[in-house]
$ cat my_file.cif   # mmCIF, C-alpha atoms and all ligand atoms
data_start
loop_
_atom_site.label_atom_id
_atom_site.label_comp_id
_atom_site.auth_asym_id
_atom_site.auth_seq_id
_atom_site.Cartn_x
_atom_site.Cartn_y
_atom_site.Cartn_z
CA MET B 8 -182.84 102.39 -166.78
CA SER B 9 -179.49 104.10 -166.72
CA GLY B 10 -177.59 106.79 -164.88
CA ALA B 11 -177.62 107.51 -161.17
CA PRO B 12 -180.11 105.58 -159.09
CA GLU B 13 -183.25 107.38 -158.03
CA THR B 14 -183.56 107.53 -154.26
CA ALA B 15 -186.58 107.73 -151.99
CA GLU B 16 -187.18 107.87 -148.24
CA SER B 17 -189.62 105.62 -146.45
CA ALA B 18 -190.90 106.25 -142.91
CA SER B 19 -192.94 103.06 -142.52
CA ALA B 20 -193.50 99.57 -143.87
CA GLU B 21 -196.59 100.91 -145.66
CA GLU B 22 -194.52 103.53 -147.45
CA THR B 23 -192.01 100.89 -148.49
CA GLU B 24 -194.84 98.77 -149.89
CA ALA B 25 -196.06 101.81 -151.82
CA LEU B 26 -192.58 102.29 -153.28
CA GLY B 27 -192.61 98.64 -154.29
CA ALA B 28 -195.94 99.20 -156.01
CA ARG B 29 -194.52 102.19 -157.88
CA LEU B 30 -191.58 100.09 -159.06
CA ALA B 31 -193.92 97.31 -160.16
CA ARG B 32 -195.71 99.62 -162.58
CA GLU B 33 -192.46 99.91 -164.55
CA LEU B 34 -191.74 96.19 -164.70
CA ARG B 35 -192.16 93.99 -167.73
CA PRO B 36 -192.17 90.20 -168.14
CA GLY B 37 -188.62 88.89 -167.98
CA ASP B 38 -187.36 91.63 -165.67
CA VAL B 39 -185.23 90.47 -162.75
CA VAL B 40 -185.12 92.78 -159.73
CA LEU B 41 -182.16 92.39 -157.37
CA VAL B 42 -183.28 93.58 -153.92
CA ARG B 43 -180.36 94.36 -151.62
CA GLY B 44 -180.18 95.35 -147.98
CA GLU B 45 -179.38 94.01 -144.54
CA LEU B 46 -181.52 91.58 -142.58
CA GLY B 47 -184.77 93.34 -141.73
CA ALA B 48 -184.15 96.23 -144.11
CA GLY B 49 -187.52 95.72 -145.75
CA LYS B 50 -186.78 93.69 -148.89
CA THR B 51 -189.73 91.34 -148.46
CA THR B 52 -191.93 94.30 -147.51
CA LEU B 53 -191.08 96.13 -150.74
CA ILE B 54 -191.61 92.97 -152.79
CA ARG B 55 -195.01 92.48 -151.10
CA GLY B 56 -196.08 95.93 -152.29
CA ALA B 57 -194.86 95.16 -155.79
CA CYS B 58 -196.72 91.85 -155.87
CA ARG B 59 -199.97 93.46 -154.70
CA GLU B 60 -199.66 95.99 -157.51
CA LEU B 61 -199.17 93.13 -159.96
CA GLY B 62 -202.39 91.50 -158.77
CA VAL B 63 -201.18 88.95 -156.22
CA GLU B 64 -203.86 88.40 -153.57
CA SER B 65 -202.27 85.59 -151.57
CA PRO B 66 -199.89 86.36 -148.68
CA VAL B 67 -196.39 87.43 -149.71
CA THR B 68 -193.86 86.26 -147.13
CA SER B 69 -190.26 85.12 -147.25
CA PRO B 70 -189.65 81.77 -148.88
CA THR B 71 -188.58 79.49 -146.02
CA PHE B 72 -188.26 75.82 -146.91
CA THR B 73 -187.43 76.59 -150.52
CA ILE B 74 -185.29 79.15 -152.33
CA GLY B 75 -188.28 80.60 -154.09
CA LEU B 76 -192.02 80.95 -154.45
CA ARG B 77 -194.17 81.61 -157.46
CA TYR B 78 -197.23 83.83 -157.40
CA ALA B 79 -199.95 84.23 -159.97
CA GLY B 80 -200.57 87.91 -160.51
CA ARG B 81 -201.64 89.50 -163.77
CA ILE B 82 -198.32 88.13 -164.95
CA PRO B 83 -196.29 85.28 -163.40
CA ILE B 84 -194.04 86.37 -160.55
CA SER B 85 -191.31 84.64 -158.66
CA HIS B 86 -189.76 85.63 -155.35
CA LEU B 87 -186.42 84.15 -154.38
CA ASP B 88 -184.43 84.48 -151.17
CA LEU B 89 -180.92 83.13 -151.63
CA TYR B 90 -179.67 83.96 -148.12
CA ARG B 91 -179.16 80.32 -147.20
CA LEU B 92 -177.87 79.23 -150.57
CA GLY B 93 -174.18 79.23 -149.83
CA ASP B 94 -172.71 77.99 -153.06
CA LEU B 95 -174.75 77.92 -156.23
CA ALA B 96 -172.01 76.05 -158.05
CA ALA B 97 -172.67 73.07 -155.78
CA GLU B 98 -176.35 73.07 -156.71
CA ASP B 99 -178.24 71.84 -159.72
CA PRO B 100 -177.55 74.40 -162.49
CA ALA B 101 -181.26 74.40 -163.32
CA LEU B 102 -182.21 75.49 -159.80
CA LEU B 103 -182.70 79.11 -160.78
CA ASP B 104 -184.16 78.38 -164.19
CA ASP B 105 -187.36 77.18 -162.56
CA TYR B 106 -187.97 80.75 -161.41
CA LEU B 107 -186.54 82.85 -164.23
CA ASP B 108 -188.15 82.82 -167.64
CA PRO B 109 -189.13 85.44 -170.20
CA ALA B 110 -192.76 85.57 -169.06
CA THR B 111 -191.99 86.09 -165.38
CA VAL B 112 -191.03 89.07 -163.25
CA ALA B 113 -188.55 87.84 -160.65
CA PHE B 114 -187.56 89.45 -157.34
CA LEU B 115 -184.35 88.22 -155.72
CA GLU B 116 -183.40 88.85 -152.09
CA TRP B 117 -179.70 88.19 -151.30
CA PRO B 118 -178.93 87.82 -155.03
CA ALA B 119 -175.11 87.87 -154.93
CA VAL B 120 -174.69 84.12 -155.22
CA ALA B 121 -176.80 84.08 -158.39
CA GLU B 122 -175.36 87.09 -160.15
CA PRO B 123 -172.79 85.26 -162.28
CA ARG B 124 -175.75 83.41 -163.81
CA LEU B 125 -177.79 86.52 -164.52
CA ALA B 126 -175.58 88.31 -167.03
CA ASP B 127 -178.03 87.84 -169.88
CA ARG B 128 -181.10 89.02 -167.97
CA SER B 129 -182.82 92.38 -167.86
CA LEU B 130 -181.65 93.43 -164.39
CA ARG B 131 -182.95 96.14 -162.11
CA GLU B 132 -181.70 96.89 -158.63
CA VAL B 133 -183.19 98.15 -155.38
CA ARG B 134 -180.99 98.99 -152.38
CA ILE B 135 -182.59 99.52 -149.00
CA GLU B 136 -180.64 101.06 -146.10
CA HIS B 137 -181.62 101.69 -142.52
CA ALA B 138 -181.83 105.41 -141.77
CA GLY B 139 -182.82 105.32 -138.08
CA GLY B 140 -185.92 103.85 -136.46
CA GLU B 141 -188.45 102.96 -139.10
CA ARG B 142 -186.86 105.16 -141.71
CA ARG B 143 -185.24 103.65 -144.77
CA ARG B 144 -183.35 105.08 -147.73
CA ILE B 145 -184.22 103.22 -150.92
CA ALA B 146 -182.33 103.52 -154.19
CA PHE B 147 -183.72 102.28 -157.51
CA GLY B 148 -181.61 101.83 -160.58
CA ALA B 149 -179.96 99.61 -163.10
CA ALA B 150 -177.96 96.78 -161.59
CA THR B 151 -174.37 97.80 -160.94
CA GLY B 152 -172.76 94.49 -160.13
CA ARG B 153 -171.99 92.36 -157.17
CA GLU B 154 -171.52 93.58 -153.65
N1 LIG Y 1 -189.78 101.90 -143.44
C1 LIG Y 1 -189.88 100.57 -143.38
N2 LIG Y 1 -189.79 99.84 -144.51
C2 LIG Y 1 -189.84 98.49 -144.48
N3 LIG Y 1 -190.00 97.77 -143.36
C3 LIG Y 1 -190.10 98.44 -142.20
C4 LIG Y 1 -190.04 99.84 -142.17
N4 LIG Y 1 -190.15 100.24 -140.87
C5 LIG Y 1 -190.28 99.13 -140.16
N5 LIG Y 1 -190.27 98.04 -140.93
C6 LIG Y 1 -190.35 96.65 -140.46
O1 LIG Y 1 -189.10 96.04 -140.69
C7 LIG Y 1 -189.30 94.68 -141.04
C8 LIG Y 1 -188.74 94.41 -142.42
O2 LIG Y 1 -188.83 93.04 -142.65
P1 LIG Y 1 -188.62 92.36 -144.07
O3 LIG Y 1 -188.97 90.93 -143.88
O4 LIG Y 1 -189.31 93.13 -145.12
O5 LIG Y 1 -187.04 92.56 -144.23
P2 LIG Y 1 -186.05 91.81 -145.22
O6 LIG Y 1 -185.11 92.86 -145.73
O7 LIG Y 1 -186.80 91.03 -146.22
O8 LIG Y 1 -185.24 90.84 -144.24
P3 LIG Y 1 -184.52 89.41 -144.54
O9 LIG Y 1 -183.13 89.72 -145.04
O10 LIG Y 1 -184.50 88.76 -143.20
O11 LIG Y 1 -185.33 88.68 -145.55
C9 LIG Y 1 -190.80 94.42 -140.97
O12 LIG Y 1 -191.13 93.93 -139.69
C10 LIG Y 1 -191.38 95.81 -141.19
O13 LIG Y 1 -192.66 95.96 -140.62
MG MG Y 2 -186.87 89.02 -146.68
#

$ encode --input "my_file.cif" --output "structure tokens"
Amino acid sequence: MSGAPETAESASAEETEALGARLARELRPGDVVLVRGELGAGKTTLIRGACRELGVESPVTSPTFTIGLRYAGRIPISHLDLYRLGDLAAEDPALLDDYLDPATVAFLEWPAVAEPRLADRSLREVRIEHAGGERRRIAFGAATGRE
């Protein structure tokens, strides 16, 4: 993908899941999707819709006691939430490698801490912003760097 991000409006969690599903249809093994937005913006909700589209039948919730979860869809999927991972440099360098490989589609919430390690990956980006009540503005595009 290149150029300006494509934007969409969502009026409900269901619509955000549907937008996640639409995104998923474009994804290929090895793609890494950086999902940005404030707490409660709907990152996990969008990823849930994407995972359903990719054939995941088990519940898709935020990773809690681990930085990531793996799901078996039609292709392998990983879902990372790096919110609590303060300093990746202090961690085992292989920490992320367990979740990122050429066969897997990976979704990353709060990706900033990992971005220096992702330069050689096929990156996509989703930005979700609150737009009042249950409305959200969602931008899809190529990754544009750290925030
Ligand atoms: N349009 C919408 N899109 C997505 N979620 C919505 C929308 N309207 C309301 N919600 C609600 O907002 C919440 C979003 O939670 P979610 O866990 O997806 O956010 P998150 O961005 O992953 O947060 P965190 O940073 O804490 O992981 C859910 O309770 C969802 O039902
Ligand atoms: Mg989340």

$ residues_near_ligand --input "my_file.cif" --ligand "ligand LIG 1 (chain Y)" --cutoff "6 Å" --atoms "only C-alpha atoms and all ligand atoms" --output "list in words"
Ser17, Ala18, Ser19, Ala20, Thr23, Gly44, Glu45, Leu46, Gly47, Ala48, Gly49, Lys50, Thr51, Thr52, Glu141, Arg142 and Arg143 of chain B

$ residues_near_ligand --input "my_file.cif" --ligand "ligand MG 2 (chain Y)" --cutoff "12 Å" --atoms "only C-alpha atoms and all ligand atoms" --output "ChimeraX atom specification"
/B:42-55,67-71,74-75,86-91,114-118,135

$ atom_distance --input "my_file.cif" --atom1 "CA of Leu102 (chain B)" --atom2 "CA of Pro83 (chain B)"
17.5 Å

$ residues_around --input "my_file.cif" --residues "region 123-125 of chain B" --least-positions-apart "3" --cutoff "9 Å" --atoms "only C-alpha atoms" --output "PyMOL selection string"
chain B and resi 39+103+119-120+128-130+153

$ write_last_selection --input "my_file.cif" --atoms "C-alpha atoms" --output "PDB file, in the frame of the given file"
ATOM      1  CA  VAL B  39    -185.230  90.470-162.750  1.00  0.00           C
ATOM      2  CA  LEU B 103    -182.700  79.110-160.780  1.00  0.00           C
ATOM      3  CA  ALA B 119    -175.110  87.870-154.930  1.00  0.00           C
ATOM      4  CA  VAL B 120    -174.690  84.120-155.220  1.00  0.00           C
ATOM      5  CA  ARG B 128    -181.100  89.020-167.970  1.00  0.00           C
ATOM      6  CA  SER B 129    -182.820  92.380-167.860  1.00  0.00           C
ATOM      7  CA  LEU B 130    -181.650  93.430-164.390  1.00  0.00           C
ATOM      8  CA  ARG B 153    -171.990  92.360-157.170  1.00  0.00           C
TER       9      ARG B 153
END

$ atom_distance --input "my_file.cif" --atom1 "CA of Ile145 (chain B)" --atom2 "CA of Leu107 (chain B)"
24.4 Å

$ atom_distance --input "my_file.cif" --atom1 "CA of Phe147 (chain B)" --atom2 "CA of Glu13 (chain B)"
5.1 Å

$ residues_around --input "my_file.cif" --residues "Arg59 (chain B)" --least-positions-apart "3" --cutoff "10 Å" --atoms "all atoms listed in the file" --output "PyMOL selection string"
chain B and resi 24-25+27-28+31+54-56+62-67+80

$ decode --input "my_file.cif" --residues "region 95-141 of chain B" --atoms "N, CA and C atoms" --output "PDB file, in the first residue's frame"
ATOM      1  N   LEU B  95      11.895  -2.581  25.422  1.00  0.00           N
ATOM      2  CA  LEU B  95      12.200  -3.839  24.740  1.00  0.00           C
ATOM      3  C   LEU B  95      13.679  -4.181  24.814  1.00  0.00           C
ATOM      4  N   ALA B  96      14.510  -3.138  24.883  1.00  0.00           N
ATOM      5  CA  ALA B  96      15.949  -3.371  24.931  1.00  0.00           C
ATOM      6  C   ALA B  96      16.346  -4.184  26.164  1.00  0.00           C
ATOM      7  N   ALA B  97      15.539  -4.047  27.231  1.00  0.00           N
ATOM      8  CA  ALA B  97      15.849  -4.772  28.460  1.00  0.00           C
ATOM      9  C   ALA B  97      15.364  -6.221  28.417  1.00  0.00           C
ATOM     10  N   GLU B  98      14.646  -6.558  27.350  1.00  0.00           N
ATOM     11  CA  GLU B  98      14.067  -7.897  27.261  1.00  0.00           C
ATOM     12  C   GLU B  98      14.948  -8.795  26.397  1.00  0.00           C
ATOM     13  N   ASP B  99      14.613 -10.059  26.392  1.00  0.00           N
ATOM     14  CA  ASP B  99      15.239 -11.015  25.507  1.00  0.00           C
ATOM     15  C   ASP B  99      15.006 -10.574  24.052  1.00  0.00           C
ATOM     16  N   PRO B 100      16.054 -10.431  23.257  1.00  0.00           N
ATOM     17  CA  PRO B 100      15.869  -9.979  21.871  1.00  0.00           C
ATOM     18  C   PRO B 100      14.964 -10.904  21.057  1.00  0.00           C
ATOM     19  N   ALA B 101      14.837 -12.147  21.485  1.00  0.00           N
ATOM     20  CA  ALA B 101      14.011 -13.097  20.737  1.00  0.00           C
ATOM     21  C   ALA B 101      12.534 -13.023  21.121  1.00  0.00           C
ATOM     22  N   LEU B 102      12.216 -12.133  22.063  1.00  0.00           N
ATOM     23  CA  LEU B 102      10.844 -12.066  22.570  1.00  0.00           C
ATOM     24  C   LEU B 102       9.816 -11.907  21.446  1.00  0.00           C
ATOM     25  N   LEU B 103      10.100 -11.012  20.530  1.00  0.00           N
ATOM     26  CA  LEU B 103       9.153 -10.769  19.446  1.00  0.00           C
ATOM     27  C   LEU B 103       9.200 -11.851  18.384  1.00  0.00           C
ATOM     28  N   ASP B 104      10.379 -12.441  18.220  1.00  0.00           N
ATOM     29  CA  ASP B 104      10.554 -13.412  17.135  1.00  0.00           C
ATOM     30  C   ASP B 104       9.605 -14.598  17.261  1.00  0.00           C
ATOM     31  N   ASP B 105       9.198 -14.891  18.496  1.00  0.00           N
ATOM     32  CA  ASP B 105       8.266 -15.993  18.697  1.00  0.00           C
ATOM     33  C   ASP B 105       6.929 -15.731  18.009  1.00  0.00           C
ATOM     34  N   TYR B 106       6.646 -14.483  17.722  1.00  0.00           N
ATOM     35  CA  TYR B 106       5.329 -14.115  17.201  1.00  0.00           C
ATOM     36  C   TYR B 106       5.375 -13.647  15.753  1.00  0.00           C
ATOM     37  N   LEU B 107       6.562 -13.348  15.264  1.00  0.00           N
ATOM     38  CA  LEU B 107       6.693 -12.780  13.918  1.00  0.00           C
ATOM     39  C   LEU B 107       7.509 -13.731  13.061  1.00  0.00           C
ATOM     40  N   ASP B 108       6.886 -14.302  12.067  1.00  0.00           N
ATOM     41  CA  ASP B 108       7.629 -15.150  11.146  1.00  0.00           C
ATOM     42  C   ASP B 108       6.936 -15.063   9.798  1.00  0.00           C
ATOM     43  N   PRO B 109       7.579 -15.535   8.745  1.00  0.00           N
ATOM     44  CA  PRO B 109       7.055 -15.299   7.394  1.00  0.00           C
ATOM     45  C   PRO B 109       5.718 -15.979   7.098  1.00  0.00           C
ATOM     46  N   ALA B 110       5.328 -16.942   7.930  1.00  0.00           N
ATOM     47  CA  ALA B 110       4.067 -17.636   7.679  1.00  0.00           C
ATOM     48  C   ALA B 110       2.886 -16.995   8.400  1.00  0.00           C
ATOM     49  N   THR B 111       3.186 -16.059   9.294  1.00  0.00           N
ATOM     50  CA  THR B 111       2.193 -15.551  10.236  1.00  0.00           C
ATOM     51  C   THR B 111       1.761 -14.135   9.893  1.00  0.00           C
ATOM     52  N   VAL B 112       0.471 -13.850  10.058  1.00  0.00           N
ATOM     53  CA  VAL B 112      -0.012 -12.473  10.066  1.00  0.00           C
ATOM     54  C   VAL B 112      -0.007 -12.015  11.518  1.00  0.00           C
ATOM     55  N   ALA B 113       0.621 -10.883  11.787  1.00  0.00           N
ATOM     56  CA  ALA B 113       0.734 -10.397  13.168  1.00  0.00           C
ATOM     57  C   ALA B 113       0.029  -9.058  13.319  1.00  0.00           C
ATOM     58  N   PHE B 114      -0.731  -8.927  14.408  1.00  0.00           N
ATOM     59  CA  PHE B 114      -1.377  -7.665  14.770  1.00  0.00           C
ATOM     60  C   PHE B 114      -0.723  -7.167  16.057  1.00  0.00           C
ATOM     61  N   LEU B 115      -0.298  -5.905  16.046  1.00  0.00           N
ATOM     62  CA  LEU B 115       0.373  -5.350  17.227  1.00  0.00           C
ATOM     63  C   LEU B 115      -0.390  -4.144  17.762  1.00  0.00           C
ATOM     64  N   GLU B 116      -0.879  -4.251  19.004  1.00  0.00           N
ATOM     65  CA  GLU B 116      -1.411  -3.079  19.695  1.00  0.00           C
ATOM     66  C   GLU B 116      -0.252  -2.436  20.457  1.00  0.00           C
ATOM     67  N   TRP B 117      -0.262  -1.107  20.559  1.00  0.00           N
ATOM     68  CA  TRP B 117       0.810  -0.354  21.218  1.00  0.00           C
ATOM     69  C   TRP B 117       2.173  -0.783  20.670  1.00  0.00           C
ATOM     70  N   PRO B 118       2.404  -0.621  19.359  1.00  0.00           N
ATOM     71  CA  PRO B 118       3.605  -1.184  18.741  1.00  0.00           C
ATOM     72  C   PRO B 118       4.873  -0.359  18.897  1.00  0.00           C
ATOM     73  N   ALA B 119       4.767   0.879  19.410  1.00  0.00           N
ATOM     74  CA  ALA B 119       5.912   1.806  19.304  1.00  0.00           C
ATOM     75  C   ALA B 119       7.217   1.195  19.817  1.00  0.00           C
ATOM     76  N   VAL B 120       7.141   0.488  20.934  1.00  0.00           N
ATOM     77  CA  VAL B 120       8.352  -0.039  21.548  1.00  0.00           C
ATOM     78  C   VAL B 120       9.044  -1.062  20.641  1.00  0.00           C
ATOM     79  N   ALA B 121       8.275  -1.674  19.749  1.00  0.00           N
ATOM     80  CA  ALA B 121       8.839  -2.713  18.881  1.00  0.00           C
ATOM     81  C   ALA B 121       9.298  -2.184  17.537  1.00  0.00           C
ATOM     82  N   GLU B 122       8.918  -0.979  17.195  1.00  0.00           N
ATOM     83  CA  GLU B 122       9.128  -0.529  15.819  1.00  0.00           C
ATOM     84  C   GLU B 122      10.576  -0.529  15.352  1.00  0.00           C
ATOM     85  N   PRO B 123      11.539  -0.209  16.214  1.00  0.00           N
ATOM     86  CA  PRO B 123      12.924  -0.275  15.729  1.00  0.00           C
ATOM     87  C   PRO B 123      13.318  -1.674  15.263  1.00  0.00           C
ATOM     88  N   ARG B 124      12.615  -2.673  15.726  1.00  0.00           N
ATOM     89  CA  ARG B 124      12.927  -4.063  15.350  1.00  0.00           C
ATOM     90  C   ARG B 124      12.143  -4.542  14.139  1.00  0.00           C
ATOM     91  N   LEU B 125      11.304  -3.686  13.591  1.00  0.00           N
ATOM     92  CA  LEU B 125      10.384  -4.141  12.551  1.00  0.00           C
ATOM     93  C   LEU B 125      10.717  -3.597  11.170  1.00  0.00           C
ATOM     94  N   ALA B 126      11.885  -2.987  11.049  1.00  0.00           N
ATOM     95  CA  ALA B 126      12.227  -2.283   9.806  1.00  0.00           C
ATOM     96  C   ALA B 126      12.193  -3.194   8.587  1.00  0.00           C
ATOM     97  N   ASP B 127      12.481  -4.460   8.773  1.00  0.00           N
ATOM     98  CA  ASP B 127      12.558  -5.357   7.619  1.00  0.00           C
ATOM     99  C   ASP B 127      11.261  -6.133   7.385  1.00  0.00           C
ATOM    100  N   ARG B 128      10.186  -5.714   8.037  1.00  0.00           N
ATOM    101  CA  ARG B 128       8.916  -6.433   7.885  1.00  0.00           C
ATOM    102  C   ARG B 128       7.986  -5.713   6.923  1.00  0.00           C
ATOM    103  N   SER B 129       7.016  -6.453   6.428  1.00  0.00           N
ATOM    104  CA  SER B 129       5.979  -5.859   5.592  1.00  0.00           C
ATOM    105  C   SER B 129       4.926  -5.251   6.518  1.00  0.00           C
ATOM    106  N   LEU B 130       4.995  -3.921   6.678  1.00  0.00           N
ATOM    107  CA  LEU B 130       4.186  -3.252   7.702  1.00  0.00           C
ATOM    108  C   LEU B 130       2.953  -2.589   7.110  1.00  0.00           C
ATOM    109  N   ARG B 131       1.859  -2.730   7.800  1.00  0.00           N
ATOM    110  CA  ARG B 131       0.631  -1.998   7.517  1.00  0.00           C
ATOM    111  C   ARG B 131       0.257  -1.271   8.796  1.00  0.00           C
ATOM    112  N   GLU B 132      -0.622  -0.283   8.661  1.00  0.00           N
ATOM    113  CA  GLU B 132      -0.958   0.511   9.839  1.00  0.00           C
ATOM    114  C   GLU B 132      -2.449   0.801   9.877  1.00  0.00           C
ATOM    115  N   VAL B 133      -3.013   0.719  11.061  1.00  0.00           N
ATOM    116  CA  VAL B 133      -4.400   1.136  11.284  1.00  0.00           C
ATOM    117  C   VAL B 133      -4.382   2.136  12.434  1.00  0.00           C
ATOM    118  N   ARG B 134      -5.048   3.273  12.246  1.00  0.00           N
ATOM    119  CA  ARG B 134      -5.170   4.268  13.325  1.00  0.00           C
ATOM    120  C   ARG B 134      -6.642   4.455  13.648  1.00  0.00           C
ATOM    121  N   ILE B 135      -6.977   4.294  14.902  1.00  0.00           N
ATOM    122  CA  ILE B 135      -8.372   4.441  15.321  1.00  0.00           C
ATOM    123  C   ILE B 135      -8.472   5.646  16.254  1.00  0.00           C
ATOM    124  N   GLU B 136      -9.409   6.553  15.948  1.00  0.00           N
ATOM    125  CA  GLU B 136      -9.610   7.744  16.794  1.00  0.00           C
ATOM    126  C   GLU B 136     -11.051   7.815  17.244  1.00  0.00           C
ATOM    127  N   HIS B 137     -11.242   8.232  18.479  1.00  0.00           N
ATOM    128  CA  HIS B 137     -12.593   8.508  18.969  1.00  0.00           C
ATOM    129  C   HIS B 137     -13.184   9.672  18.181  1.00  0.00           C
ATOM    130  N   ALA B 138     -14.462   9.564  17.858  1.00  0.00           N
ATOM    131  CA  ALA B 138     -15.135  10.651  17.131  1.00  0.00           C
ATOM    132  C   ALA B 138     -16.480  10.966  17.782  1.00  0.00           C
ATOM    133  N   GLY B 139     -16.568  10.736  19.115  1.00  0.00           N
ATOM    134  CA  GLY B 139     -17.791  11.052  19.842  1.00  0.00           C
ATOM    135  C   GLY B 139     -18.650   9.815  20.048  1.00  0.00           C
ATOM    136  N   GLY B 140     -19.014   9.544  21.292  1.00  0.00           N
ATOM    137  CA  GLY B 140     -19.873   8.392  21.582  1.00  0.00           C
ATOM    138  C   GLY B 140     -19.234   7.106  21.090  1.00  0.00           C
ATOM    139  N   GLU B 141     -20.010   6.360  20.333  1.00  0.00           N
ATOM    140  CA  GLU B 141     -19.483   5.091  19.810  1.00  0.00           C
ATOM    141  C   GLU B 141     -18.836   5.267  18.443  1.00  0.00           C
TER     142      GLU B 141
END
